[in-house]
Number of protein chains: 2
Amino acid sequence: MAAALGLSVATISRVLARPEMVKPETRKRVMKAIETMGYRPNFLAQALARSETRLAFFIVPILSPFFLDVMDGVEQAAQEDGYFVLMVNARRDLQRIQTFYEQVAARRADGVLLLTGLLPPSLIPPKAVWPPTIIVAEPIDDPRGITVAVDHAEAAHIALRHLCGLGHKKIVHIGGPLRTLSSRERRRGFEEALRDAGLPFSPKLAIEGNFDVETGEKAIVTFFENGIEPTAVFAANDEIALGAIRGAHRLGLRVPDDISIVGFDNQHFLEAFEPGLTTVNIPRFDIGYQAMKRLVRKIANDKDVTSLRLPTELIVRETTALPRIGKKTPKKPM
Amino acid sequence: MAAALGLSVATISRVLARPEMVKPETRKRVMKAIETMGYRPNFLAQALARSETRLAFFIVPILSPFFLDVMDGVEQAAQEDGYFVLMVNARRDLQRIQTFYEQVAARRADGVLLLTGLLPPSLIPPKAVWPPTIIVAEPIDDPRGITVAVDHAEAAHIALRHLCGLGHKKIVHIGGPLRTLSSRERRRGFEEALRDAGLPFSPKLAIEGNFDVETGEKAIVTFFENGIEPTAVFAANDEIALGAIRGAHRLGLRVPDDISIVGFDNQHFLEAFEPGLTTVNIPRFDIGYQAMKRLVRKIANDKDVTSLRLPTELIVRETTALPRIGKKTPKKPM
DNA sequence: TTGTATGCGTTATCAT
DNA sequence: ATGATAACGCATACAA
């Protein structure tokens, strides 16, 4: 402790916290001592005394590049406000989410960014007390949840308007797991958009799957087996879309000549992919940035933190085109 | 404070830390009280008293999916030993690495996993004191650095043996930035392997670039412009390899019929890619897991923590084949 | 087996 | 403008 230069600990604490309260002369003296002795205030003691950790949890369901982009924005905002953010992996396990919240209750962190689409059991009761929390990207069906995300249904509309505008009449949807609200929203947007365009909807036009390549590849084959011969596909994310392209190739269909495909997310790895995938961009960085900014305000007990919807945008590349005039009979899959 | 049930704080502290020291009867009483009152020990006070944070920094140069896989293993090991790991983004900025180390000095974390390939200035002097540190994946040229990584030169040998075994004689290398030790090592392995195979080496056979698609695409064109007509390419990572494939296509070359290409890393997004890329697998999860295990021991002051080299493995897919017999004249690039 | 007392390194509240 | 001192909430050595 640097108080060994004739001053009290209070003084040296002051030069660090409120330098203007201390005489310039002694201030300089202390500063120099700090420099030469290589003194650093012990963060733990600081945190205990102030009762704040300046740390937030960012709870994600799995480790994926998508969340990494969100994290980028989160980190940017965190840095601006002197926070660190601990990205923790819930491994799709509700129990683990619960555990992370218990850590927050134990004052390990000041707040949480929740991107799991699920609430831990302890937060569900109507009178449950929530630690400072912002719902991120993946909305949750609870009015208490301040949310920063995009409008998934509207995003689906955007994709469908593009397809309808090109003249497609037989459009199908390959979706993600319907237990997530965002998947349901995208699907709802798909249905609405079809009706808006005066196109008939049938449950057979939408398949539920997982957010992976395999889902897309299988789904496209299934559609044709079921006698549905789409000229366009709206996939619930980019991986599914890539799988759909592969499936189409296996059926001997060319993209976009025989079938148009639009994805969702606009992930980075698409840059390496040919043909360039038409997709809906999600402003991941902004979502993360805005969410963290809001969390900081919430931690500071700001009462009027509100939800935010960020805009999506269609990125037209090479996998969408006018529908074929004639009919194309697909090969049997290999 | 739960001591309001006739006991002292010391006792309740004991039932949590060393339950065997307390009479089973009172132990149960305390446990129940903890349960009903929803008591949780304040982490900050605990940390201050014990002088440990149970937190480690994982410093990465950028946020990338590759590091995310390493993080997965890190997290697994961390969880097993009751640690949290804060992945922090150095943004390729040495100053930021330095700042993170200062946070460790301020007792914000117990140790660091360093994956930047660079040491902060404060650790460079020969008599500098290092906080518990493990060098991860990206080796550093300092004898004090305990390292968990693969042998990049050997990995290059593995790739080259495959190519030579197929009968290729004109093999080139598209590398990453030579300021990183791992890039230099891969390139060294490339040269050595050529010589081992009795093939002539010339500096023109290796191009330095960045770890991106564009580098690969441009490089392949450059080789042909320079009159070098490779039948096989060893790329320093998967993105470069994908770029090389694209470049080859632009030149009217088919992969692997006209030119073979092998990548490096075996990243996940390759699953969505056709043709399947032949590449060298890096055990990312294991690297992270082993590194974190070692860091925990280091934090516990274990003196005989040693470096570790993990094995790489060639993943043969569809982008490598026997060289063409006849000669193929490339088109002018578009 | 349990209680008492001190330390951990700050911040913050009184005094002076 | 600065010092003394009580929190902060737990761990632990020492007593009882």
# chains A, B, ... in the order shown; residues from 1 in each chain; ligands from 1
call {"tool": "interface_residues", "arguments": {"of": "chain C", "to": "chain A", "cutoff": "10 Å", "atoms": "only C-alpha atoms (C1' of nucleotides)", "output": "PDB file with N, CA and C atoms (P, O5', C5', C4', C3', O3' and C1' of nucleotides), in the first residue's frame"}}
result
ATOM      1  P    DC C   8      -3.847  -8.388   5.200  1.00  0.00           P
ATOM      2  O5'  DC C   8      -4.626  -8.597   3.839  1.00  0.00           O
ATOM      3  C5'  DC C   8      -5.142  -9.845   3.425  1.00  0.00           C
ATOM      4  C4'  DC C   8      -6.211  -9.591   2.401  1.00  0.00           C
ATOM      5  C3'  DC C   8      -6.169  -8.184   1.807  1.00  0.00           C
ATOM      6  O3'  DC C   8      -5.468  -8.218   0.568  1.00  0.00           O
ATOM      7  C1'  DC C   8      -8.411  -8.890   2.352  1.00  0.00           C
ATOM      8  P    DG C   9      -4.283  -7.152   0.335  1.00  0.00           P
ATOM      9  O5'  DG C   9      -5.054  -5.906  -0.315  1.00  0.00           O
ATOM     10  C5'  DG C   9      -5.726  -6.087  -1.544  1.00  0.00           C
ATOM     11  C4'  DG C   9      -6.686  -4.945  -1.755  1.00  0.00           C
ATOM     12  C3'  DG C   9      -6.046  -3.559  -1.709  1.00  0.00           C
ATOM     13  O3'  DG C   9      -6.569  -2.835  -2.790  1.00  0.00           O
ATOM     14  C1'  DG C   9      -7.874  -3.648  -0.252  1.00  0.00           C
ATOM     15  P    DT C  10      -5.929  -1.516  -3.306  1.00  0.00           P
ATOM     16  O5'  DT C  10      -7.223  -0.779  -3.909  1.00  0.00           O
ATOM     17  C5'  DT C  10      -7.936   0.108  -3.081  1.00  0.00           C
ATOM     18  C4'  DT C  10      -9.401  -0.229  -3.173  1.00  0.00           C
ATOM     19  C3'  DT C  10     -10.267   1.014  -3.087  1.00  0.00           C
ATOM     20  O3'  DT C  10     -10.857   1.283  -4.348  1.00  0.00           O
ATOM     21  C1'  DT C  10     -10.921  -0.639  -1.463  1.00  0.00           C
ATOM     22  P    DT C  11     -11.328   2.808  -4.534  1.00  0.00           P
ATOM     23  O5'  DT C  11     -12.665   2.863  -3.655  1.00  0.00           O
ATOM     24  C5'  DT C  11     -13.806   2.140  -4.063  1.00  0.00           C
ATOM     25  C4'  DT C  11     -14.964   2.430  -3.128  1.00  0.00           C
ATOM     26  C3'  DT C  11     -15.396   3.888  -3.082  1.00  0.00           C
ATOM     27  O3'  DT C  11     -16.810   3.929  -3.102  1.00  0.00           O
ATOM     28  C1'  DT C  11     -14.870   3.149  -0.907  1.00  0.00           C
ATOM     29  P    DA C  12     -17.565   5.306  -3.280  1.00  0.00           P
ATOM     30  O5'  DA C  12     -17.990   5.641  -1.779  1.00  0.00           O
ATOM     31  C5'  DA C  12     -18.704   4.675  -1.030  1.00  0.00           C
ATOM     32  C4'  DA C  12     -18.967   5.211   0.361  1.00  0.00           C
ATOM     33  C3'  DA C  12     -19.320   6.696   0.402  1.00  0.00           C
ATOM     34  O3'  DA C  12     -20.243   6.910   1.459  1.00  0.00           O
ATOM     35  C1'  DA C  12     -17.379   6.346   1.654  1.00  0.00           C
TER      36       DA C  12
END
call {"tool": "interface_residues", "arguments": {"of": "chain A", "to": "chain B", "cutoff": "9 Å", "atoms": "only C-alpha atoms", "output": "ChimeraX atom specification"}}
result
/A:39-45,47-48,51-53,63-65,68-69,71-72,75,84-89,102-103,105-108,213,239,242-243,246,269,271-274
call {"tool": "write_last_selection", "arguments": {"atoms": "N, CA and C atoms", "output": "CSV table (one decimal), in the first residue's frame"}}
result
chain,number,residue,atom,x,y,z
A,39,TYR,N,1.8,0.6,-8.9
A,39,TYR,CA,0.6,0.3,-8.1
A,39,TYR,C,-0.6,0.2,-9.0
A,40,ARG,N,-1.4,-0.8,-8.7
A,40,ARG,CA,-2.7,-0.9,-9.4
A,40,ARG,C,-3.8,-1.2,-8.4
A,41,PRO,N,-4.8,-0.5,-8.4
A,41,PRO,CA,-5.9,-0.8,-7.4
A,41,PRO,C,-6.4,-2.2,-7.6
A,42,ASN,N,-6.6,-2.9,-6.5
A,42,ASN,CA,-7.0,-4.3,-6.6
A,42,ASN,C,-8.5,-4.3,-7.0
A,43,PHE,N,-8.7,-4.9,-8.1
A,43,PHE,CA,-10.1,-4.9,-8.7
A,43,PHE,C,-11.1,-5.5,-7.8
A,44,LEU,N,-10.7,-6.6,-7.1
A,44,LEU,CA,-11.6,-7.3,-6.3
A,44,LEU,C,-12.1,-6.5,-5.1
A,45,ALA,N,-11.2,-5.8,-4.5
A,45,ALA,CA,-11.5,-4.9,-3.3
A,45,ALA,C,-12.4,-3.8,-3.8
A,47,ALA,N,-14.4,-3.8,-6.4
A,47,ALA,CA,-15.7,-4.4,-6.7
A,47,ALA,C,-16.5,-4.6,-5.5
A,48,LEU,N,-15.9,-5.1,-4.5
A,48,LEU,CA,-16.6,-5.4,-3.2
A,48,LEU,C,-17.1,-4.2,-2.6
A,51,SER,N,-19.7,-2.7,-4.8
A,51,SER,CA,-20.7,-3.7,-5.1
A,51,SER,C,-21.1,-3.7,-6.6
A,52,GLU,N,-20.1,-3.7,-7.4
A,52,GLU,CA,-20.3,-3.8,-8.9
A,52,GLU,C,-19.1,-4.5,-9.5
A,53,THR,N,-19.4,-5.4,-10.5
A,53,THR,CA,-18.3,-6.1,-11.1
A,53,THR,C,-17.9,-5.6,-12.4
A,63,LEU,N,-21.9,-22.2,-29.4
A,63,LEU,CA,-20.9,-21.3,-29.9
A,63,LEU,C,-21.0,-21.3,-31.4
A,64,SER,N,-21.4,-20.2,-32.0
A,64,SER,CA,-21.6,-20.2,-33.4
A,64,SER,C,-21.1,-18.8,-34.0
A,65,PRO,N,-20.6,-18.8,-35.2
A,65,PRO,CA,-20.1,-17.6,-35.8
A,65,PRO,C,-21.1,-16.5,-35.8
A,68,LEU,N,-21.0,-14.8,-32.7
A,68,LEU,CA,-19.7,-14.1,-32.6
A,68,LEU,C,-19.8,-12.7,-33.2
A,69,ASP,N,-20.5,-12.6,-34.2
A,69,ASP,CA,-20.7,-11.2,-34.8
A,69,ASP,C,-21.5,-10.3,-33.9
A,71,MET,N,-21.4,-10.7,-30.7
A,71,MET,CA,-20.5,-10.4,-29.7
A,71,MET,C,-19.6,-9.2,-30.0
A,72,ASP,N,-19.2,-9.1,-31.3
A,72,ASP,CA,-18.4,-8.1,-31.7
A,72,ASP,C,-19.0,-6.7,-31.3
A,75,GLU,N,-19.1,-6.2,-27.5
A,75,GLU,CA,-17.8,-5.9,-27.0
A,75,GLU,C,-17.5,-4.4,-27.2
A,84,PHE,N,-16.6,-5.5,-19.1
A,84,PHE,CA,-16.2,-6.7,-19.8
A,84,PHE,C,-17.4,-7.6,-20.0
A,85,VAL,N,-17.4,-8.4,-21.1
A,85,VAL,CA,-18.5,-9.3,-21.3
A,85,VAL,C,-18.1,-10.7,-21.4
A,86,LEU,N,-18.7,-11.6,-20.6
A,86,LEU,CA,-18.3,-13.0,-20.6
A,86,LEU,C,-19.3,-13.8,-21.4
A,87,MET,N,-18.9,-14.3,-22.6
A,87,MET,CA,-19.8,-15.0,-23.4
A,87,MET,C,-19.8,-16.5,-22.8
A,88,VAL,N,-21.0,-16.9,-22.4
A,88,VAL,CA,-21.1,-18.2,-21.8
A,88,VAL,C,-22.0,-19.1,-22.6
A,89,ASN,N,-21.6,-20.3,-22.7
A,89,ASN,CA,-22.3,-21.3,-23.6
A,89,ASN,C,-23.3,-22.2,-22.8
A,102,GLU,N,-27.8,-17.8,-11.4
A,102,GLU,CA,-27.4,-17.9,-10.0
A,102,GLU,C,-26.1,-17.2,-9.8
A,103,GLN,N,-25.2,-17.3,-10.7
A,103,GLN,CA,-23.9,-16.7,-10.6
A,103,GLN,C,-24.1,-15.1,-10.5
A,105,ALA,N,-26.8,-13.7,-9.4
A,105,ALA,CA,-27.3,-13.5,-8.0
A,105,ALA,C,-26.2,-13.5,-7.0
A,106,ALA,N,-25.2,-14.3,-7.3
A,106,ALA,CA,-24.0,-14.3,-6.3
A,106,ALA,C,-23.1,-13.2,-6.6
A,107,ARG,N,-23.5,-12.2,-7.4
A,107,ARG,CA,-22.7,-11.0,-7.6
A,107,ARG,C,-21.5,-11.2,-8.4
A,108,ARG,N,-21.5,-12.3,-9.3
A,108,ARG,CA,-20.4,-12.5,-10.1
A,108,ARG,C,-20.4,-11.6,-11.4
A,213,VAL,N,-27.2,-27.7,-42.9
A,213,VAL,CA,-27.2,-28.0,-44.3
A,213,VAL,C,-28.0,-29.2,-44.7
A,239,GLU,N,-27.4,-21.7,-43.9
A,239,GLU,CA,-27.0,-23.1,-44.0
A,239,GLU,C,-28.1,-24.0,-44.7
A,242,LEU,N,-27.9,-23.3,-48.4
A,242,LEU,CA,-26.8,-23.9,-49.0
A,242,LEU,C,-27.2,-25.4,-49.2
A,243,GLY,N,-27.8,-26.0,-48.2
A,243,GLY,CA,-28.2,-27.4,-48.3
A,243,GLY,C,-29.2,-27.6,-49.5
A,246,ARG,N,-27.5,-27.6,-52.7
A,246,ARG,CA,-26.9,-28.9,-53.0
A,246,ARG,C,-28.0,-30.0,-53.4
A,269,PHE,N,-19.3,-16.6,-44.1
A,269,PHE,CA,-18.7,-17.7,-44.9
A,269,PHE,C,-19.3,-17.7,-46.3
A,271,GLU,N,-19.2,-15.5,-48.4
A,271,GLU,CA,-18.2,-14.9,-49.3
A,271,GLU,C,-17.4,-15.9,-50.1
A,272,ALA,N,-17.2,-17.0,-49.5
A,272,ALA,CA,-16.4,-18.0,-50.2
A,272,ALA,C,-17.2,-18.9,-51.1
A,273,PHE,N,-18.5,-18.7,-51.1
A,273,PHE,CA,-19.4,-19.6,-51.8
A,273,PHE,C,-19.8,-19.1,-53.2
A,274,GLU,N,-19.9,-20.1,-54.1
A,274,GLU,CA,-20.4,-19.8,-55.4
A,274,GLU,C,-21.5,-20.7,-55.7
call {"tool": "atom_distance", "arguments": {"atom1": "atom CA of Arg187 of chain B", "atom2": "atom CA of Ile315 of chain B"}}
result
19.6 Å
call {"tool": "interface_residues", "arguments": {"of": "chain D", "to": "chain A", "cutoff": "7 Å", "atoms": "only C-alpha atoms (C1' of nucleotides)", "output": "NGL selection string"}}
result
:D and (1-3 or 8)
call {"tool": "write_last_selection", "arguments": {"atoms": "N, CA and C atoms (P, O5', C5', C4', C3', O3' and C1' of nucleotides)", "output": "PDB file, in the first residue's frame"}}
result
ATOM      1  P    DA D   1      -9.532  21.971  -1.682  1.00  0.00           P
ATOM      2  O5'  DA D   1      -8.448  20.939  -1.155  1.00  0.00           O
ATOM      3  C5'  DA D   1      -7.146  21.424  -0.930  1.00  0.00           C
ATOM      4  C4'  DA D   1      -6.550  20.645   0.206  1.00  0.00           C
ATOM      5  C3'  DA D   1      -6.250  19.182  -0.130  1.00  0.00           C
ATOM      6  O3'  DA D   1      -4.990  18.859   0.432  1.00  0.00           O
ATOM      7  C1'  DA D   1      -7.694  19.290   1.748  1.00  0.00           C
ATOM      8  P    DT D   2      -4.287  17.499   0.136  1.00  0.00           P
ATOM      9  O5'  DT D   2      -4.769  16.651   1.379  1.00  0.00           O
ATOM     10  C5'  DT D   2      -3.998  16.709   2.567  1.00  0.00           C
ATOM     11  C4'  DT D   2      -4.745  16.052   3.692  1.00  0.00           C
ATOM     12  C3'  DT D   2      -4.647  14.523   3.727  1.00  0.00           C
ATOM     13  O3'  DT D   2      -3.752  14.176   4.762  1.00  0.00           O
ATOM     14  C1'  DT D   2      -6.796  15.333   4.395  1.00  0.00           C
ATOM     15  P    DG D   3      -3.294  12.629   4.864  1.00  0.00           P
ATOM     16  O5'  DG D   3      -4.091  12.238   6.191  1.00  0.00           O
ATOM     17  C5'  DG D   3      -4.034  13.109   7.308  1.00  0.00           C
ATOM     18  C4'  DG D   3      -4.944  12.593   8.402  1.00  0.00           C
ATOM     19  C3'  DG D   3      -4.841  11.088   8.634  1.00  0.00           C
ATOM     20  O3'  DG D   3      -4.815  10.835  10.039  1.00  0.00           O
ATOM     21  C1'  DG D   3      -7.092  11.671   8.134  1.00  0.00           C
ATOM     22  P    DC D   8     -22.400  -3.057   5.349  1.00  0.00           P
ATOM     23  O5'  DC D   8     -21.915  -3.523   3.913  1.00  0.00           O
ATOM     24  C5'  DC D   8     -21.083  -2.774   3.085  1.00  0.00           C
ATOM     25  C4'  DC D   8     -20.332  -3.690   2.138  1.00  0.00           C
ATOM     26  C3'  DC D   8     -20.462  -5.177   2.447  1.00  0.00           C
ATOM     27  O3'  DC D   8     -21.394  -5.742   1.542  1.00  0.00           O
ATOM     28  C1'  DC D   8     -18.176  -4.545   2.020  1.00  0.00           C
TER      29       DC D   8
END
call {"tool": "select_by_dssp", "arguments": {"residues": "segment 96-298 of chain A", "states": "helix (DSSP H, G or I)", "output": "MDAnalysis selection string"}}
result
chainID A and resid 96:105 121:123 152:166 181:196 203:205 213:225 238:250 268:272 284:298
call {"tool": "write_last_selection", "arguments": {"atoms": "C-alpha atoms", "output": "short mmCIF file (atom, residue, chain, number, x, y, z; two decimals), in the first residue's frame"}}
result
data_model
loop_
_atom_site.label_atom_id
_atom_site.label_comp_id
_atom_site.auth_asym_id
_atom_site.auth_seq_id
_atom_site.Cartn_x
_atom_site.Cartn_y
_atom_site.Cartn_z
CA ARG A 96 -27.13 -24.18 -17.39
CA ILE A 97 -28.94 -20.94 -18.09
CA GLN A 98 -30.32 -21.18 -14.60
CA THR A 99 -26.83 -21.68 -13.22
CA PHE A 100 -25.56 -18.58 -14.95
CA TYR A 101 -28.36 -16.58 -13.41
CA GLU A 102 -27.40 -17.91 -10.03
CA GLN A 103 -23.89 -16.65 -10.62
CA VAL A 104 -25.34 -13.24 -11.26
CA ALA A 105 -27.32 -13.49 -8.05
CA PRO A 121 -37.28 -21.29 -14.58
CA SER A 122 -36.49 -18.75 -11.89
CA LEU A 123 -37.48 -15.84 -14.11
CA HIS A 152 -38.46 -11.85 -38.25
CA ALA A 153 -41.91 -11.88 -39.80
CA GLU A 154 -41.24 -8.68 -41.65
CA ALA A 155 -37.90 -10.02 -42.83
CA ALA A 156 -39.75 -12.97 -44.31
CA HIS A 157 -42.06 -10.56 -46.09
CA ILE A 158 -39.09 -8.83 -47.61
CA ALA A 159 -37.73 -12.09 -48.99
CA LEU A 160 -41.11 -13.13 -50.33
CA ARG A 161 -41.78 -9.79 -52.00
CA HIS A 162 -38.55 -10.26 -53.90
CA LEU A 163 -39.54 -13.73 -55.04
CA CYS A 164 -43.09 -12.74 -55.92
CA GLY A 165 -41.78 -9.70 -57.73
CA LEU A 166 -39.74 -11.98 -59.96
CA LEU A 181 -40.15 -17.90 -31.50
CA SER A 182 -38.05 -16.54 -34.35
CA SER A 183 -38.67 -19.66 -36.43
CA ARG A 184 -42.39 -19.33 -35.87
CA GLU A 185 -42.24 -15.66 -36.80
CA ARG A 186 -40.40 -16.32 -40.02
CA ARG A 187 -42.89 -18.96 -40.92
CA ARG A 188 -45.78 -16.71 -40.08
CA GLY A 189 -44.29 -14.02 -42.29
CA PHE A 190 -44.00 -16.58 -45.07
CA GLU A 191 -47.67 -17.50 -44.83
CA GLU A 192 -48.84 -13.90 -44.63
CA ALA A 193 -46.75 -12.89 -47.59
CA LEU A 194 -48.16 -15.70 -49.70
CA ARG A 195 -51.67 -14.56 -48.89
CA ASP A 196 -50.75 -10.95 -49.53
CA PRO A 203 -49.04 -26.69 -44.72
CA LYS A 204 -47.22 -28.83 -47.26
CA LEU A 205 -45.45 -25.74 -48.52
CA VAL A 213 -27.16 -27.98 -44.33
CA GLU A 214 -28.67 -31.42 -44.09
CA THR A 215 -32.14 -30.04 -43.42
CA GLY A 216 -32.04 -28.01 -46.61
CA GLU A 217 -30.71 -30.85 -48.70
CA LYS A 218 -33.35 -33.31 -47.54
CA ALA A 219 -36.22 -30.85 -47.66
CA ILE A 220 -35.78 -30.01 -51.30
CA VAL A 221 -35.92 -33.69 -52.19
CA THR A 222 -38.99 -34.16 -50.00
CA PHE A 223 -40.87 -31.40 -51.77
CA PHE A 224 -40.43 -33.06 -55.13
CA GLU A 225 -41.27 -36.46 -53.74
CA ASP A 238 -28.03 -19.61 -44.86
CA GLU A 239 -26.98 -23.14 -43.99
CA ILE A 240 -30.39 -24.47 -44.96
CA ALA A 241 -30.22 -22.48 -48.17
CA LEU A 242 -26.83 -23.95 -49.03
CA GLY A 243 -28.22 -27.40 -48.35
CA ALA A 244 -31.15 -26.63 -50.62
CA ILE A 245 -28.77 -25.67 -53.39
CA ARG A 246 -26.93 -28.92 -52.98
CA GLY A 247 -30.19 -30.85 -52.95
CA ALA A 248 -31.29 -29.08 -56.11
CA HIS A 249 -28.04 -30.02 -57.78
CA ARG A 250 -28.58 -33.64 -56.85
CA HIS A 268 -19.60 -14.29 -43.55
CA PHE A 269 -18.74 -17.67 -44.94
CA LEU A 270 -21.02 -16.94 -47.91
CA GLU A 271 -18.20 -14.86 -49.31
CA ALA A 272 -16.37 -18.05 -50.15
CA ARG A 284 -25.69 -8.57 -36.02
CA PHE A 285 -23.12 -6.05 -34.91
CA ASP A 286 -25.76 -3.38 -34.32
CA ILE A 287 -27.95 -5.78 -32.40
CA GLY A 288 -25.09 -6.57 -30.07
CA TYR A 289 -24.05 -2.96 -29.75
CA GLN A 290 -27.50 -1.64 -28.96
CA ALA A 291 -28.28 -4.49 -26.60
CA MET A 292 -25.17 -3.86 -24.54
CA LYS A 293 -25.79 -0.12 -24.47
CA ARG A 294 -29.23 -0.83 -23.07
CA LEU A 295 -27.92 -3.28 -20.53
CA VAL A 296 -25.53 -0.70 -19.16
CA ARG A 297 -28.42 1.70 -18.67
CA LYS A 298 -30.46 -1.00 -17.03
#
